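Colleague: Structure below; questions to follow.
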Amino acid sequence: MTQETSVSKTILTVDDSPSMRLLLRAALTARGYTVADAEDGVAALEWLEANEAPSLVITDINMPRLDGFGLIEALRAKAEHRDRPILVLTTESSDEKKARARAAGATGWIVKPFDPEKLAAAVRRVSH
């Protein structure tokens, strides 16, 4: 793919809240991204098995079946996802949770509710 190609980057958003997935989709598609979504870490892993890898994953932490920490660890354990940017988007803001996400392999951290401009800036920063 060359620089001139206008193929948009795909972002996988993972959140158990349907309204949050809709907000993320609206914010990201308005900026030209293609958005896929999953309701938890298990659904995200299933989506990743069946589709071409996204440019970026944005995940919540607190979800049923497989939480964000587990999803990040599962992705980092696979060679094809080792360098994939992963942003955590969560209501959690404790230093302990941030350190745990960083240790698992998260690239960045955004606290909900998110500002669409700050989200877009974070996506640009990690997607280079």
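Naming scheme: A, B, ... for chains in displayed order of the structure tokens; residues 1 onward per chain; ligands 1 onward as shown.
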I'd like the neighbourhood of A:Ala44 as a PyMOL selection string, where a residue qualifies if any of its atoms comes within 10 Å (using only C-alpha atoms), though same-chain residues fewer than 2 positions away should be ignored.
Modeller: chain A and resi 12-15+36-42+46-49+57+59+66+71+75
Colleague: Write the residues of the selection above to a file with N, CA and C atoms, as a PDB file, in the first residue's frame.
Modeller:
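Okay, out-v5.pdb is ready:
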ATOM      1  N   LEU A  12     -10.495  -1.747  15.502  1.00  0.00           N
ATOM      2  CA  LEU A  12     -11.394  -2.651  16.214  1.00  0.00           C
ATOM      3  C   LEU A  12     -11.656  -2.066  17.593  1.00  0.00           C
ATOM      4  N   THR A  13     -12.932  -1.773  17.889  1.00  0.00           N
ATOM      5  CA  THR A  13     -13.286  -1.273  19.218  1.00  0.00           C
ATOM      6  C   THR A  13     -13.935  -2.415  20.003  1.00  0.00           C
ATOM      7  N   VAL A  14     -13.555  -2.531  21.276  1.00  0.00           N
ATOM      8  CA  VAL A  14     -14.040  -3.630  22.114  1.00  0.00           C
ATOM      9  C   VAL A  14     -14.611  -3.029  23.396  1.00  0.00           C
ATOM     10  N   ASP A  15     -15.929  -3.125  23.549  1.00  0.00           N
ATOM     11  CA  ASP A  15     -16.590  -2.555  24.722  1.00  0.00           C
ATOM     12  C   ASP A  15     -17.919  -3.270  24.908  1.00  0.00           C
ATOM     13  N   ALA A  36     -14.715  -1.674  13.188  1.00  0.00           N
ATOM     14  CA  ALA A  36     -15.334  -2.957  13.499  1.00  0.00           C
ATOM     15  C   ALA A  36     -15.471  -2.972  15.013  1.00  0.00           C
ATOM     16  N   ASP A  37     -16.444  -3.713  15.541  1.00  0.00           N
ATOM     17  CA  ASP A  37     -16.547  -3.739  16.998  1.00  0.00           C
ATOM     18  C   ASP A  37     -16.902  -5.110  17.530  1.00  0.00           C
ATOM     19  N   ALA A  38     -16.598  -5.281  18.814  1.00  0.00           N
ATOM     20  CA  ALA A  38     -16.865  -6.529  19.526  1.00  0.00           C
ATOM     21  C   ALA A  38     -17.308  -6.173  20.936  1.00  0.00           C
ATOM     22  N   GLU A  39     -18.164  -7.041  21.521  1.00  0.00           N
ATOM     23  CA  GLU A  39     -18.710  -6.703  22.843  1.00  0.00           C
ATOM     24  C   GLU A  39     -17.853  -7.150  24.018  1.00  0.00           C
ATOM     25  N   ASP A  40     -16.821  -7.958  23.760  1.00  0.00           N
ATOM     26  CA  ASP A  40     -15.905  -8.332  24.836  1.00  0.00           C
ATOM     27  C   ASP A  40     -14.660  -8.961  24.221  1.00  0.00           C
ATOM     28  N   GLY A  41     -13.716  -9.350  25.068  1.00  0.00           N
ATOM     29  CA  GLY A  41     -12.453  -9.880  24.576  1.00  0.00           C
ATOM     30  C   GLY A  41     -12.593 -11.163  23.774  1.00  0.00           C
ATOM     31  N   VAL A  42     -13.537 -12.036  24.164  1.00  0.00           N
ATOM     32  CA  VAL A  42     -13.743 -13.281  23.420  1.00  0.00           C
ATOM     33  C   VAL A  42     -14.227 -12.973  22.013  1.00  0.00           C
ATOM     34  N   GLU A  46     -12.383 -13.682  18.373  1.00  0.00           N
ATOM     35  CA  GLU A  46     -13.081 -14.385  17.293  1.00  0.00           C
ATOM     36  C   GLU A  46     -13.078 -13.529  16.026  1.00  0.00           C
ATOM     37  N   TRP A  47     -13.332 -12.229  16.165  1.00  0.00           N
ATOM     38  CA  TRP A  47     -13.327 -11.323  15.009  1.00  0.00           C
ATOM     39  C   TRP A  47     -11.935 -11.301  14.365  1.00  0.00           C
ATOM     40  N   LEU A  48     -10.906 -11.231  15.196  1.00  0.00           N
ATOM     41  CA  LEU A  48      -9.529 -11.172  14.685  1.00  0.00           C
ATOM     42  C   LEU A  48      -9.143 -12.442  13.931  1.00  0.00           C
ATOM     43  N   GLU A  49      -9.682 -13.592  14.360  1.00  0.00           N
ATOM     44  CA  GLU A  49      -9.396 -14.857  13.667  1.00  0.00           C
ATOM     45  C   GLU A  49     -10.004 -14.863  12.266  1.00  0.00           C
ATOM     46  N   VAL A  57      -6.346  -1.452  17.955  1.00  0.00           N
ATOM     47  CA  VAL A  57      -7.418  -1.988  18.792  1.00  0.00           C
ATOM     48  C   VAL A  57      -7.646  -0.997  19.924  1.00  0.00           C
ATOM     49  N   THR A  59      -9.742  -0.913  23.453  1.00  0.00           N
ATOM     50  CA  THR A  59     -10.493  -1.810  24.332  1.00  0.00           C
ATOM     51  C   THR A  59     -10.819  -1.203  25.689  1.00  0.00           C
ATOM     52  N   LEU A  66     -14.056 -12.059  28.817  1.00  0.00           N
ATOM     53  CA  LEU A  66     -12.614 -11.790  28.786  1.00  0.00           C
ATOM     54  C   LEU A  66     -12.435 -10.282  28.870  1.00  0.00           C
ATOM     55  N   LEU A  71      -7.514  -9.585  27.096  1.00  0.00           N
ATOM     56  CA  LEU A  71      -7.451  -9.388  25.646  1.00  0.00           C
ATOM     57  C   LEU A  71      -6.065  -8.886  25.236  1.00  0.00           C
ATOM     58  N   LEU A  75      -3.463 -10.871  22.807  1.00  0.00           N
ATOM     59  CA  LEU A  75      -2.950 -10.291  21.559  1.00  0.00           C
ATOM     60  C   LEU A  75      -1.431 -10.264  21.559  1.00  0.00           C
TER      61      LEU A  75
END
Colleague: Report as a list in words all protein, DNA and RNA residues lying within 12 Å of A:Ser94, evaluated on only C-alpha atoms, omitting residues in the same chain fewer than 6 positions from it.
Modeller: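 The contact residues come out as Arg100, Ala101, Trp109, Ile110 and Val111 of chain A.
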Colleague: Once DSSP has gone over the backbone, tell me which residues of stretch 6-107 of chain A are in strand (DSSP E or B), as an MDAnalysis selection string.
Modeller: chainID A and resid 10:14 34:38 56:59 86:90
Colleague: Show which residues sit within 12 Å of A:Arg124, as a count of residues only. Count only C-alpha atoms, and ignore same-chain residues fewer than 6 positions away.
Modeller: 13
Colleague: Measure the distance from atom CA of A:Thr34 to atom CA of A:Thr10 in Å and round it to one decimal.
Modeller: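 Result for atom CA of A:Thr34 versus atom CA of A:Thr10: 4.5 Å, one decimal.
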Colleague: Let me make sure I understand: among A:Arg125, A:Arg65, A:Arg25, A:Arg76, which one has the smallest atom-to-atom distance to A:Ala103 if we use only C-alpha atoms?
Modeller: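 That would be A:Arg76, the residue with the smallest distance to A:Ala103.
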